[in-house]
>>> print(open('target22.txt').read())   # compact mmCIF, C-alpha atoms
# COMPACT_ATOMS: atom_id res chain seq x y z
CA MET A 1 -6.40 -22.50 -16.50
CA THR A 2 -5.39 -20.19 -19.32
CA GLY A 3 -5.99 -16.55 -20.11
CA GLY A 4 -5.21 -13.38 -18.22
CA ILE A 5 -5.64 -12.72 -14.50
CA VAL A 6 -7.58 -9.50 -14.07
CA ILE A 7 -8.96 -7.30 -11.32
CA ALA A 8 -12.70 -7.92 -11.36
CA GLY A 9 -13.44 -5.57 -8.45
CA CYS A 10 -11.79 -2.98 -6.22
CA GLY A 11 -12.66 -1.79 -2.74
CA SER A 12 -11.18 0.52 -0.13
CA TYR A 13 -11.91 1.77 3.35
CA LEU A 14 -10.66 4.74 5.36
CA PRO A 15 -11.73 5.05 8.99
CA GLY A 16 -14.09 7.92 9.74
CA ARG A 17 -11.71 9.99 11.84
CA PRO A 18 -9.72 12.56 9.83
CA VAL A 19 -6.70 13.92 11.73
CA THR A 20 -5.05 17.22 10.75
CA ASN A 21 -1.49 18.38 11.32
CA ASP A 22 -2.78 21.01 13.75
CA GLU A 23 -4.49 18.31 15.81
CA ILE A 24 -1.26 16.32 15.98
CA GLU A 25 0.66 19.43 17.07
CA ALA A 26 -1.82 19.89 19.90
CA GLN A 27 -1.40 16.23 20.89
CA VAL A 28 2.41 16.19 21.05
CA GLY A 29 2.69 19.54 22.84
CA THR A 30 6.34 20.16 23.65
CA GLY A 31 7.25 17.17 21.46
CA TYR A 32 7.13 19.66 18.62
CA ASP A 33 8.74 23.02 19.37
CA ARG A 34 6.91 25.59 17.23
CA CYS A 35 9.29 28.40 18.24
CA GLY A 36 12.46 26.37 17.85
CA LYS A 37 11.54 25.27 14.33
CA GLY A 38 10.06 28.64 13.45
CA GLN A 39 6.91 27.22 11.86
CA SER A 40 3.76 25.30 12.60
CA LEU A 41 3.78 21.52 12.38
CA HIS A 42 1.40 21.84 9.42
CA ASP A 43 3.83 24.00 7.46
CA TRP A 44 6.75 21.76 8.43
CA ALA A 45 4.94 18.55 7.39
CA ARG A 46 3.77 20.04 4.09
CA ARG A 47 7.32 21.07 3.24
CA HIS A 48 9.06 17.87 4.37
CA HIS A 49 6.75 15.13 3.11
CA GLY A 50 3.55 16.71 1.81
CA GLY A 51 1.03 15.37 4.32
CA SER A 52 -2.05 17.40 5.30
CA ILE A 53 -4.49 14.85 6.63
CA ARG A 54 -4.74 11.16 7.44
CA TYR A 55 -7.41 8.88 8.91
CA TRP A 56 -7.05 7.05 12.21
CA ALA A 57 -9.10 4.09 13.34
CA ASP A 58 -11.37 4.44 16.34
CA ASP A 59 -10.36 2.66 19.53
CA ASN A 60 -12.80 -0.17 18.81
CA GLU A 61 -11.61 -0.68 15.20
CA ALA A 62 -9.04 -3.37 14.43
CA THR A 63 -7.18 -4.17 11.22
CA SER A 64 -9.69 -6.90 10.40
CA ASP A 65 -12.56 -4.41 10.61
CA LEU A 66 -10.91 -2.20 7.98
CA ALA A 67 -10.11 -5.25 5.84
CA LEU A 68 -13.69 -6.50 6.06
CA ALA A 69 -15.16 -3.18 4.89
CA ALA A 70 -12.76 -2.95 1.92
CA SER A 71 -13.34 -6.61 0.99
CA ARG A 72 -17.10 -6.26 0.96
CA ARG A 73 -16.79 -3.26 -1.35
CA ALA A 74 -14.44 -5.15 -3.68
CA LEU A 75 -16.79 -8.13 -3.86
CA ALA A 76 -19.74 -5.84 -4.58
CA ASP A 77 -17.75 -4.11 -7.31
CA ALA A 78 -17.00 -7.51 -8.84
CA ASP A 79 -20.66 -8.54 -8.51
CA MET A 80 -19.56 -11.54 -6.46
CA THR A 81 -20.08 -12.93 -2.98
CA ALA A 82 -17.72 -14.52 -0.49
CA ALA A 83 -19.00 -17.93 -1.65
CA ASP A 84 -17.23 -17.33 -4.98
CA LEU A 85 -13.77 -17.09 -3.36
CA ASP A 86 -11.23 -19.89 -3.52
CA LEU A 87 -8.52 -18.06 -1.58
CA ILE A 88 -8.07 -14.97 0.62
CA VAL A 89 -4.60 -13.41 0.83
CA VAL A 90 -4.11 -10.74 3.49
CA SER A 91 -1.05 -8.54 3.92
CA THR A 92 -0.56 -6.72 7.24
CA PHE A 93 1.98 -6.15 9.98
CA THR A 94 -0.56 -4.83 12.48
CA SER A 95 -2.56 -8.00 12.99
CA ASP A 96 -5.46 -7.97 15.44
CA HIS A 97 -3.79 -10.65 17.57
CA PRO A 98 -0.72 -12.88 17.38
CA VAL A 99 -3.29 -15.69 17.02
CA PRO A 100 -5.75 -15.93 15.33
CA SER A 101 -4.57 -14.04 12.28
CA THR A 102 -6.32 -11.08 10.73
CA ALA A 103 -6.93 -13.30 7.69
CA ALA A 104 -8.85 -15.69 9.93
CA ARG A 105 -10.94 -12.85 11.32
CA LEU A 106 -11.63 -11.63 7.78
CA GLN A 107 -12.70 -15.05 6.55
CA ALA A 108 -15.08 -15.35 9.50
CA GLY A 109 -16.43 -11.84 8.97
CA LEU A 110 -17.17 -12.60 5.31
CA ALA A 111 -18.68 -15.97 6.22
CA ALA A 112 -16.41 -17.40 3.53
CA ARG A 113 -15.16 -20.96 3.18
CA ALA A 114 -12.08 -20.01 1.16
CA LYS A 115 -8.60 -20.95 2.30
CA PHE A 116 -6.80 -17.95 3.82
CA LEU A 117 -3.14 -16.94 3.92
CA GLN A 118 -1.53 -14.01 5.75
CA ILE A 119 1.69 -12.24 4.77
CA ASP A 120 3.65 -10.41 7.46
CA ALA A 121 4.51 -7.45 5.24
CA ALA A 122 4.29 -3.68 5.28
CA CYS A 123 4.33 -1.25 2.35
CA SER A 124 5.29 -3.83 -0.28
CA GLY A 125 2.56 -6.18 0.96
CA PHE A 126 0.03 -5.62 -1.80
CA VAL A 127 2.56 -6.40 -4.53
CA ASP A 128 3.67 -9.45 -2.53
CA GLY A 129 0.05 -10.53 -2.15
CA MET A 130 -0.58 -10.18 -5.87
CA TRP A 131 2.57 -12.16 -6.63
CA ILE A 132 1.48 -15.03 -4.37
CA ALA A 133 -2.16 -14.93 -5.49
CA THR A 134 -1.46 -14.96 -9.22
CA SER A 135 1.17 -17.68 -8.84
CA LEU A 136 -1.28 -19.92 -6.98
CA MET A 137 -4.02 -19.20 -9.48
CA ARG A 138 -1.78 -20.34 -12.31
CA GLN A 139 -0.27 -23.33 -10.49
CA GLN A 140 -3.33 -24.59 -8.62
CA GLY A 141 -6.10 -23.64 -11.01
CA LEU A 142 -7.84 -21.31 -8.54
CA LYS A 143 -10.63 -19.29 -10.13
CA THR A 144 -11.19 -16.35 -7.79
CA VAL A 145 -8.91 -14.80 -5.16
CA LEU A 146 -9.36 -11.86 -2.79
CA VAL A 147 -6.15 -9.88 -2.13
CA VAL A 148 -6.29 -7.46 0.81
CA ALA A 149 -3.77 -5.08 2.37
CA ALA A 150 -4.70 -3.43 5.67
CA ASP A 151 -2.93 -1.76 8.56
CA VAL A 152 -3.66 0.36 11.63
CA LEU A 153 -0.41 2.33 11.79
CA SER A 154 -1.65 5.09 14.11
CA ARG A 155 -1.02 2.86 17.13
CA LEU A 156 2.68 2.40 16.39
CA SER A 157 3.74 5.99 17.16
CA GLY A 158 4.68 7.14 20.65
CA PRO A 159 2.98 10.16 22.24
CA GLN A 160 5.82 12.53 21.27
CA GLN A 161 6.66 11.07 17.84
CA TYR A 162 5.28 13.90 15.76
CA LEU A 163 7.00 12.89 12.51
CA PRO A 164 5.49 9.39 12.11
CA LYS A 165 2.17 10.74 13.37
CA THR A 166 2.08 13.16 10.44
CA VAL A 167 3.25 10.54 7.93
CA PHE A 168 1.14 7.44 8.61
CA GLY A 169 -2.57 6.70 8.44
CA ASP A 170 -4.91 3.72 8.71
CA ALA A 171 -6.70 2.08 5.78
CA ALA A 172 -7.51 -1.08 3.86
CA GLY A 173 -7.63 -1.85 0.16
CA ALA A 174 -8.81 -4.98 -1.64
CA VAL A 175 -9.09 -6.44 -5.11
CA VAL A 176 -10.86 -9.51 -6.47
CA LEU A 177 -8.85 -11.44 -9.05
CA THR A 178 -10.36 -13.72 -11.66
CA TRP A 179 -9.66 -15.03 -15.15
CA HIS A 180 -10.09 -13.23 -18.47
CA ASP A 181 -10.36 -14.97 -21.85
CA ASP A 182 -7.68 -12.69 -23.34
CA ALA A 183 -4.20 -13.63 -22.05
CA ALA A 184 -2.93 -10.18 -23.06
CA MET A 185 -4.98 -8.53 -20.31
CA GLY A 186 -4.40 -8.24 -16.58
CA VAL A 187 -1.32 -9.04 -14.51
CA ARG A 188 1.79 -9.51 -16.63
CA GLU A 189 5.18 -9.30 -14.82
CA PHE A 190 6.71 -8.77 -11.37
CA SER A 191 10.03 -7.38 -10.16
CA THR A 192 10.59 -8.14 -6.48
CA GLY A 193 13.36 -8.36 -3.91
CA SER A 194 14.35 -7.81 -0.29
CA ASP A 195 17.38 -7.04 1.86
CA GLY A 196 17.13 -8.17 5.48
CA GLN A 197 20.55 -6.66 6.26
CA LEU A 198 18.79 -3.28 6.27
CA GLY A 199 15.83 -4.48 8.34
CA ASP A 200 16.53 -2.20 11.29
CA TYR A 201 15.71 0.86 9.19
CA VAL A 202 12.15 0.18 10.43
CA LEU A 203 12.17 -1.42 13.88
CA ILE A 204 9.76 -2.07 16.74
CA PRO A 205 12.17 -3.22 19.47
CA SER A 206 9.85 -5.22 21.74
CA GLY A 207 6.73 -7.32 21.56
CA GLY A 208 8.07 -10.33 19.67
CA SER A 209 9.78 -13.58 20.67
CA LYS A 210 13.24 -11.96 20.83
CA SER A 211 12.25 -9.24 23.28
CA ALA A 212 9.08 -9.63 25.30
CA LEU A 213 7.21 -6.43 26.10
CA THR A 214 7.92 -6.23 29.81
CA PRO A 215 6.64 -3.33 31.97
CA ALA A 216 10.12 -1.75 31.85
CA ARG A 217 10.30 -1.97 28.05
CA HIS A 218 6.78 -0.65 27.77
CA ALA A 219 7.69 2.32 29.94
CA ALA A 220 10.70 2.92 27.67
CA GLY A 221 8.41 3.06 24.62
CA GLU A 222 9.81 -0.05 22.94
CA GLN A 223 6.35 -0.93 21.62
CA TYR A 224 6.64 2.01 19.22
CA TRP A 225 8.60 2.06 16.02
CA LYS A 226 11.99 3.53 15.39
CA LEU A 227 12.49 4.82 11.85
CA ASP A 228 15.70 5.81 10.11
CA PHE A 229 13.95 8.27 7.81
CA HIS A 230 17.13 9.58 6.16
CA ASN A 231 18.35 6.18 4.99
CA ILE A 232 14.81 4.98 4.26
CA LYS A 233 14.31 7.82 1.78
CA LEU A 234 17.62 7.24 -0.03
CA TRP A 235 16.98 3.51 -0.23
CA ALA A 236 13.33 3.94 -1.26
CA LEU A 237 14.21 6.22 -4.17
CA GLU A 238 16.84 3.82 -5.49
CA ARG A 239 14.79 0.62 -5.09
CA MET A 240 11.52 2.05 -6.36
CA SER A 241 13.30 3.44 -9.41
CA HIS A 242 14.99 0.08 -9.97
CA CYS A 243 11.88 -2.11 -9.77
CA THR A 244 9.84 0.33 -11.87
CA ALA A 245 12.36 0.28 -14.70
CA ASP A 246 12.91 -3.47 -14.34
CA VAL A 247 9.26 -4.48 -14.54
CA ILE A 248 8.75 -2.27 -17.62
CA HIS A 249 11.72 -3.96 -19.27
CA LYS A 250 10.54 -7.46 -18.30
CA THR A 251 7.12 -6.72 -19.78
CA GLY A 252 8.72 -5.80 -23.10
CA LEU A 253 7.59 -2.19 -22.94
CA ILE A 254 9.21 1.21 -22.94
CA GLN A 255 8.19 3.85 -20.43
CA ALA A 256 6.10 5.74 -23.01
CA ASP A 257 3.84 2.68 -23.31
CA VAL A 258 2.77 3.00 -19.67
CA ALA A 259 -0.35 5.13 -19.30
CA TRP A 260 -0.47 5.19 -15.50
CA PHE A 261 1.83 4.70 -12.54
CA VAL A 262 0.20 3.78 -9.23
CA PRO A 263 3.06 3.81 -6.70
CA HIS A 264 3.12 3.10 -3.00
CA GLN A 265 2.45 6.44 -1.34
CA ALA A 266 5.55 6.70 0.89
CA SER A 267 5.37 10.51 0.76
CA THR A 268 4.65 13.18 -1.80
CA THR A 269 8.29 14.24 -1.83
CA ILE A 270 9.54 10.68 -2.45
CA ILE A 271 7.02 10.15 -5.25
CA ARG A 272 7.92 13.42 -6.94
CA GLU A 273 11.67 12.71 -6.69
CA TRP A 274 11.11 9.16 -8.01
CA ALA A 275 9.10 10.51 -10.95
CA ASP A 276 11.72 13.17 -11.65
CA ARG A 277 14.52 10.59 -11.56
CA LEU A 278 12.74 8.42 -14.15
CA GLY A 279 11.34 11.28 -16.22
CA ILE A 280 7.71 10.42 -15.44
CA ALA A 281 5.21 13.25 -15.78
CA MET A 282 3.17 13.64 -12.60
CA GLU A 283 0.02 13.74 -14.74
CA ARG A 284 0.56 10.00 -15.25
CA VAL A 285 0.89 9.28 -11.52
CA VAL A 286 -2.06 8.49 -9.26
CA LEU A 287 -1.30 10.47 -6.08
CA THR A 288 -3.25 10.10 -2.82
CA TYR A 289 -0.69 10.86 -0.11
CA GLU A 290 -1.82 14.43 0.58
CA GLU A 291 -5.34 13.15 1.31
CA MET A 292 -4.54 10.15 3.51
CA GLY A 293 -0.81 9.84 4.21
CA ASN A 294 1.27 6.67 4.03
CA ILE A 295 -1.17 3.79 4.53
CA SER A 296 1.36 0.99 4.06
CA GLY A 297 0.39 -1.87 1.73
CA ALA A 298 -3.12 -0.46 1.32
CA SER A 299 -1.89 2.57 -0.61
CA ILE A 300 -1.81 0.92 -4.05
CA PRO A 301 -5.23 -0.83 -3.90
CA VAL A 302 -6.84 2.28 -2.36
CA ALA A 303 -5.39 4.43 -5.16
CA LEU A 304 -6.55 1.86 -7.75
CA ASP A 305 -10.05 1.90 -6.32
CA ARG A 306 -10.26 5.70 -6.35
CA ALA A 307 -8.88 6.00 -9.88
CA LYS A 308 -11.16 3.25 -11.19
CA ARG A 309 -14.26 4.85 -9.68
CA ALA A 310 -13.20 8.20 -11.14
CA GLY A 311 -13.03 6.60 -14.60
CA ARG A 312 -9.34 7.36 -15.10
CA PHE A 313 -8.33 4.00 -16.60
CA ARG A 314 -9.14 2.95 -20.15
CA ASN A 315 -9.39 -0.55 -21.52
CA GLY A 316 -6.00 -1.84 -22.68
CA GLU A 317 -3.92 0.79 -20.89
CA TRP A 318 -0.71 -0.33 -19.19
CA ILE A 319 -0.36 0.38 -15.47
CA VAL A 320 2.77 -0.07 -13.36
CA MET A 321 2.53 -0.41 -9.57
CA PRO A 322 5.84 -0.10 -7.65
CA ALA A 323 6.28 -0.33 -3.88
CA VAL A 324 9.02 -0.23 -1.25
CA GLY A 325 8.79 -0.86 2.45
CA ALA A 326 9.92 -2.27 5.77
CA GLY A 327 11.96 -5.41 5.75
CA MET A 328 13.48 -3.94 3.64
CA ALA A 329 11.51 -5.11 0.61
CA TRP A 330 10.50 -3.85 -2.82
CA GLY A 331 8.34 -4.93 -5.71
CA ALA A 332 6.52 -3.78 -8.82
CA LEU A 333 3.96 -5.31 -11.13
CA SER A 334 2.81 -4.49 -14.64
CA TYR A 335 -0.86 -4.70 -15.47
CA ARG A 336 -2.97 -4.20 -18.58
CA TRP A 337 -6.33 -2.76 -17.64
CA ALA A 338 -9.34 -4.84 -18.63
CA GLY A 339 -12.57 -2.87 -18.71
CA ASP A 340 -15.67 -2.57 -20.83
CA ASP A 341 -15.63 1.20 -21.24
CA ASN A 342 -13.41 1.60 -24.32
CA PRO A 343 -11.83 -0.58 -27.01
CA VAL A 344 -8.30 -1.84 -26.47
CA GLN A 345 -5.83 0.91 -27.24
CA PRO A 346 -2.97 0.17 -29.65
CA GLY A 347 0.37 -0.31 -27.94
CA ARG A 348 3.42 -2.46 -27.63
CA GLU A 349 2.68 -6.01 -26.50
CA GLY A 350 4.65 -7.62 -23.69
>>> encode(input="target22.txt", output="structure tokens")
Amino acid sequence: MTGGIVIAGCGSYLPGRPVTNDEIEAQVGTGYDRCGKGQSLHDWARRHHGGSIRYWADDNEATSDLALAASRRALADADMTAADLDLIVVSTFTSDHPVPSTAARLQAGLAARAKFLQIDAACSGFVDGMWIATSLMRQQGLKTVLVVAADVLSRLSGPQQYLPKTVFGDAAGAVVLTWHDDAAMGVREFSTGSDGQLGDYVLIPSGGSKSALTPARHAAGEQYWKLDFHNIKLWALERMSHCTADVIHKTGLIQADVAWFVPHQASTTIIREWADRLGIAMERVVLTYEEMGNISGASIPVALDRAKRAGRFRNGEWIVMPAVGAGMAWGALSYRWAGDDNPVQPGREG
């Protein structure tokens, strides 16, 4: 098929349980020493990474439940049903079960017949999912694909791990991709990469085939993640800056041509330092971290959904979506918004 691959519908879902910094401080107790640090956990979190609130799934909610809610909203936004789908691509690293996959649960929940694929990815998962989905659409002639990123990160932090508790939230985001007659619209270029040598920056020691989660390892907290936040931040700033600049160059644009940046929401401080490094005005950045924290691969599609529903995007505007995450992996895509609200704006063609 020919033409452009565009987002026909967006959907997002945040669980109904908002969790404040003060609530987390009460949970961790002596895990956070108010007197020793001289400030409340709320003040500390706001200063260090910018988080105020995040949403945690209820005990009976799994990743597939979040994915299902976001997917239904995306299909409704696209005025489509699950019967229209040729493929479902799900990105998560908090799958409901080792087997069956969350993608399988989602397909069943939608009562869809579409083929499903699941990517074991974290914060870069939405960009990875878009890369795979658009490639298969072009190579296999698929007409309509659902791309979903969902994670329940609240269950990866130990009882005393106040820092990740204040950083991460639970959410799902989804988009429906289809074809547009105008090849100049929609998804244009990708810049992606990964470096497994740095994989231990984000590590859950036990629970996989290398290290079974025995009672002793469970008691030692090896089912919770270990995060090298210092090196993660340095690496994230460098890689997100790199893939942002690279995808703009590959598209044949200059930075001034880009109307909006929708980055992975690693933290408010990382986003602001990334924008400052590249000379991007924050008015051109869709920012959601303060409202929901780091929600892994869901952060870009959730931000897209919110911005779209708020009417922030105009037909023909260029959008760049960069992400970095566990693995360690990075990726960015360039996209020309296709909507019916306004005529195509003049600008440099890729």
>>> closest_residue(input="target22.txt", among="A:Leu146, A:Leu153, A:Val127, A:Ser191", to="Thr81 in chain A", atoms="only C-alpha atoms")
A:Leu146
>>> residues_near_point(input="target22.txt", point="(-0.4, -15.6, -19.5)", cutoff="10 Å", atoms="all atoms listed in the file", output="list in words")
Met1, Thr2, Gly3, Gly4, Ile5, Arg138, Asp182, Ala183, Ala184, Met185, Gly186, Val187, Arg188 and Glu189 of chain A
>>> atom_distance(input="target22.txt", atom1="CA of His249 in chain A", atom2="CA of Ala303 in chain A")
23.7 Å
>>> residues_near_point(input="target22.txt", point="(-14.2, -17.1, -9.0)", cutoff="9 Å", atoms="all atoms listed in the file", output="PyMOL selection string")
chain A and resi 80+83-86+142-145+176-179
>>> closest_atom_pairs(input="target22.txt", of="range 249-294 of chain A", to="range 222-229 of chain A", cutoff="12 Å", atoms="all atoms listed in the file", output="CSV")
residue,atom,partner,partner_atom,distance
A:Ala266,CA,A:Phe229,CA,11.0
A:Ser267,CA,A:Phe229,CA,11.3
A:Ile270,CA,A:Phe229,CA,11.4
>>> residues_around(input="target22.txt", residues="range 211-221 of chain A", least_positions_apart="5", cutoff="9 Å", atoms="all atoms listed in the file", output="list in words")
Gly158, Pro205 and Ser206 of chain A
>>> residues_around(input="target22.txt", residues="Asp79 in chain A", least_positions_apart="3", cutoff="9 Å", atoms="only C-alpha atoms", output="PDB file with C-alpha atoms, in the frame of the given file")
ATOM      1  CA  ALA A   8     -12.700  -7.920 -11.360  1.00  0.00           C
ATOM      2  CA  GLY A   9     -13.440  -5.570  -8.450  1.00  0.00           C
ATOM      3  CA  ALA A  74     -14.440  -5.150  -3.680  1.00  0.00           C
ATOM      4  CA  LEU A  75     -16.790  -8.130  -3.860  1.00  0.00           C
ATOM      5  CA  ALA A  76     -19.740  -5.840  -4.580  1.00  0.00           C
TER       6      ALA A  76
END
>>> atom_distance(input="target22.txt", atom1="CA of Arg239 in chain A", atom2="CA of Trp318 in chain A")
21.0 Å
>>> residues_around(input="target22.txt", residues="Asp305 in chain A", least_positions_apart="6", cutoff="8 Å", atoms="all atoms listed in the file", output="list in words")
Cys10, Gly11, Ser12 and Gly173 of chain A
>>> closest_atom_pairs(input="target22.txt", of="range 44-98 of chain A", to="range 112-125 of chain A", cutoff="8 Å", atoms="only C-alpha atoms", output="CSV")
residue,atom,partner,partner_atom,distance
A:Ala82,CA,A:Ala112,CA,5.1
A:Ala83,CA,A:Ala112,CA,5.8
A:Leu85,CA,A:Ala114,CA,5.6
A:Asp86,CA,A:Ala114,CA,4.8
A:Leu87,CA,A:Lys115,CA,4.8
A:Ile88,CA,A:Phe116,CA,4.6
A:Val89,CA,A:Leu117,CA,4.9
A:Val90,CA,A:Gln118,CA,4.7
A:Ser91,CA,A:Ile119,CA,4.7
A:Thr92,CA,A:Ala121,CA,5.5
A:Phe93,CA,A:Asp120,CA,5.2
>>> write_last_selection(input="target22.txt", atoms="C-alpha atoms", output="PDB file, in the frame of the given file")
ATOM      1  CA  ALA A  82     -17.720 -14.520  -0.490  1.00  0.00           C
ATOM      2  CA  ALA A  83     -19.000 -17.930  -1.650  1.00  0.00           C
ATOM      3  CA  LEU A  85     -13.770 -17.090  -3.360  1.00  0.00           C
ATOM      4  CA  ASP A  86     -11.230 -19.890  -3.520  1.00  0.00           C
ATOM      5  CA  LEU A  87      -8.520 -18.060  -1.580  1.00  0.00           C
ATOM      6  CA  ILE A  88      -8.070 -14.970   0.620  1.00  0.00           C
ATOM      7  CA  VAL A  89      -4.600 -13.410   0.830  1.00  0.00           C
ATOM      8  CA  VAL A  90      -4.110 -10.740   3.490  1.00  0.00           C
ATOM      9  CA  SER A  91      -1.050  -8.540   3.920  1.00  0.00           C
ATOM     10  CA  THR A  92      -0.560  -6.720   7.240  1.00  0.00           C
ATOM     11  CA  PHE A  93       1.980  -6.150   9.980  1.00  0.00           C
TER      12      PHE A  93
END
>>> residues_around(input="target22.txt", residues="Thr269 in chain A", least_positions_apart="4", cutoff="12 Å", atoms="all atoms listed in the file", output="ChimeraX atom specification")
/A:45-51,167,233-234,236-237,265,273-276,282,287,289-290,293-294
>>> atom_distance(input="target22.txt", atom1="CA of Asn315 in chain A", atom2="CA of Trp337 in chain A")
5.4 Å
>>> residues_around(input="target22.txt", residues="range 195-199 of chain A", least_positions_apart="4", cutoff="9 Å", atoms="all atoms listed in the file", output="number ranges by chain")
A: 203, 326-330
>>> closest_residue(input="target22.txt", among="A:Val19, A:Gly141, A:Ala171, A:Asp43", to="Ser64 in chain A", atoms="only C-alpha atoms")
A:Ala171
>>> closest_residue(input="target22.txt", among="A:Arg54, A:Gly297, A:Tyr13, A:Val324", to="Glu238 in chain A", atoms="all atoms listed in the file")
A:Val324
>>> closest_residue(input="target22.txt", among="A:Ala67, A:Ser299, A:Tyr55, A:Leu333", to="Val247 in chain A", atoms="all atoms listed in the file")
A:Leu333
>>> closest_residue(input="target22.txt", among="A:Ile53, A:Ala104, A:Ala69, A:Leu278", to="Met240 in chain A", atoms="only C-alpha atoms")
A:Leu278
>>> closest_residue(input="target22.txt", among="A:Ile7, A:Leu136, A:Ile319, A:Leu110", to="Ala338 in chain A", atoms="all atoms listed in the file")
A:Ile7
>>> decode(input="target22.txt", residues="range 248-254 of chain A", atoms="all heavy atoms", output="compact mmCIF listing (two decimals), in the first residue's frame")
# COMPACT_ATOMS: atom_id res chain seq x y z
N ILE A 248 15.33 14.52 13.56
CA ILE A 248 15.03 15.77 12.87
C ILE A 248 15.87 15.87 11.60
O ILE A 248 15.37 16.22 10.52
CB ILE A 248 15.29 16.98 13.81
CG1 ILE A 248 14.26 17.00 14.94
CG2 ILE A 248 15.22 18.30 13.02
CD1 ILE A 248 14.56 18.03 16.02
N HIS A 249 17.15 15.54 11.73
CA HIS A 249 18.04 15.58 10.56
C HIS A 249 17.60 14.58 9.50
O HIS A 249 17.56 14.91 8.30
CB HIS A 249 19.47 15.29 11.01
CG HIS A 249 20.44 15.17 9.87
ND1 HIS A 249 20.88 16.25 9.14
CD2 HIS A 249 21.04 14.06 9.32
CE1 HIS A 249 21.71 15.83 8.20
NE2 HIS A 249 21.82 14.51 8.28
N LYS A 250 17.28 13.36 9.90
CA LYS A 250 16.87 12.33 8.94
C LYS A 250 15.58 12.70 8.22
O LYS A 250 15.36 12.29 7.07
CB LYS A 250 16.70 10.99 9.66
CG LYS A 250 18.01 10.36 10.10
CD LYS A 250 17.79 9.12 10.94
CE LYS A 250 17.28 7.95 10.11
NZ LYS A 250 17.23 6.70 10.92
N THR A 251 14.73 13.48 8.87
CA THR A 251 13.47 13.89 8.26
C THR A 251 13.67 15.03 7.27
O THR A 251 12.78 15.34 6.48
CB THR A 251 12.47 14.31 9.37
OG1 THR A 251 12.41 13.28 10.36
CG2 THR A 251 11.08 14.52 8.81
N GLY A 252 14.85 15.65 7.31
CA GLY A 252 15.12 16.77 6.42
C GLY A 252 14.61 18.08 6.95
O GLY A 252 14.34 19.02 6.18
N LEU A 253 14.47 18.17 8.28
CA LEU A 253 13.97 19.38 8.91
C LEU A 253 15.08 20.08 9.69
O LEU A 253 16.18 19.54 9.85
CB LEU A 253 12.84 19.02 9.91
CG LEU A 253 11.65 18.23 9.37
CD1 LEU A 253 10.72 17.87 10.51
CD2 LEU A 253 10.91 19.01 8.30
N ILE A 254 14.77 21.27 10.16
CA ILE A 254 15.56 21.91 11.20
C ILE A 254 14.66 22.01 12.42
O ILE A 254 13.43 21.87 12.33
CB ILE A 254 16.09 23.30 10.78
CG1 ILE A 254 14.93 24.25 10.45
CG2 ILE A 254 17.05 23.17 9.60
CD1 ILE A 254 15.36 25.68 10.18
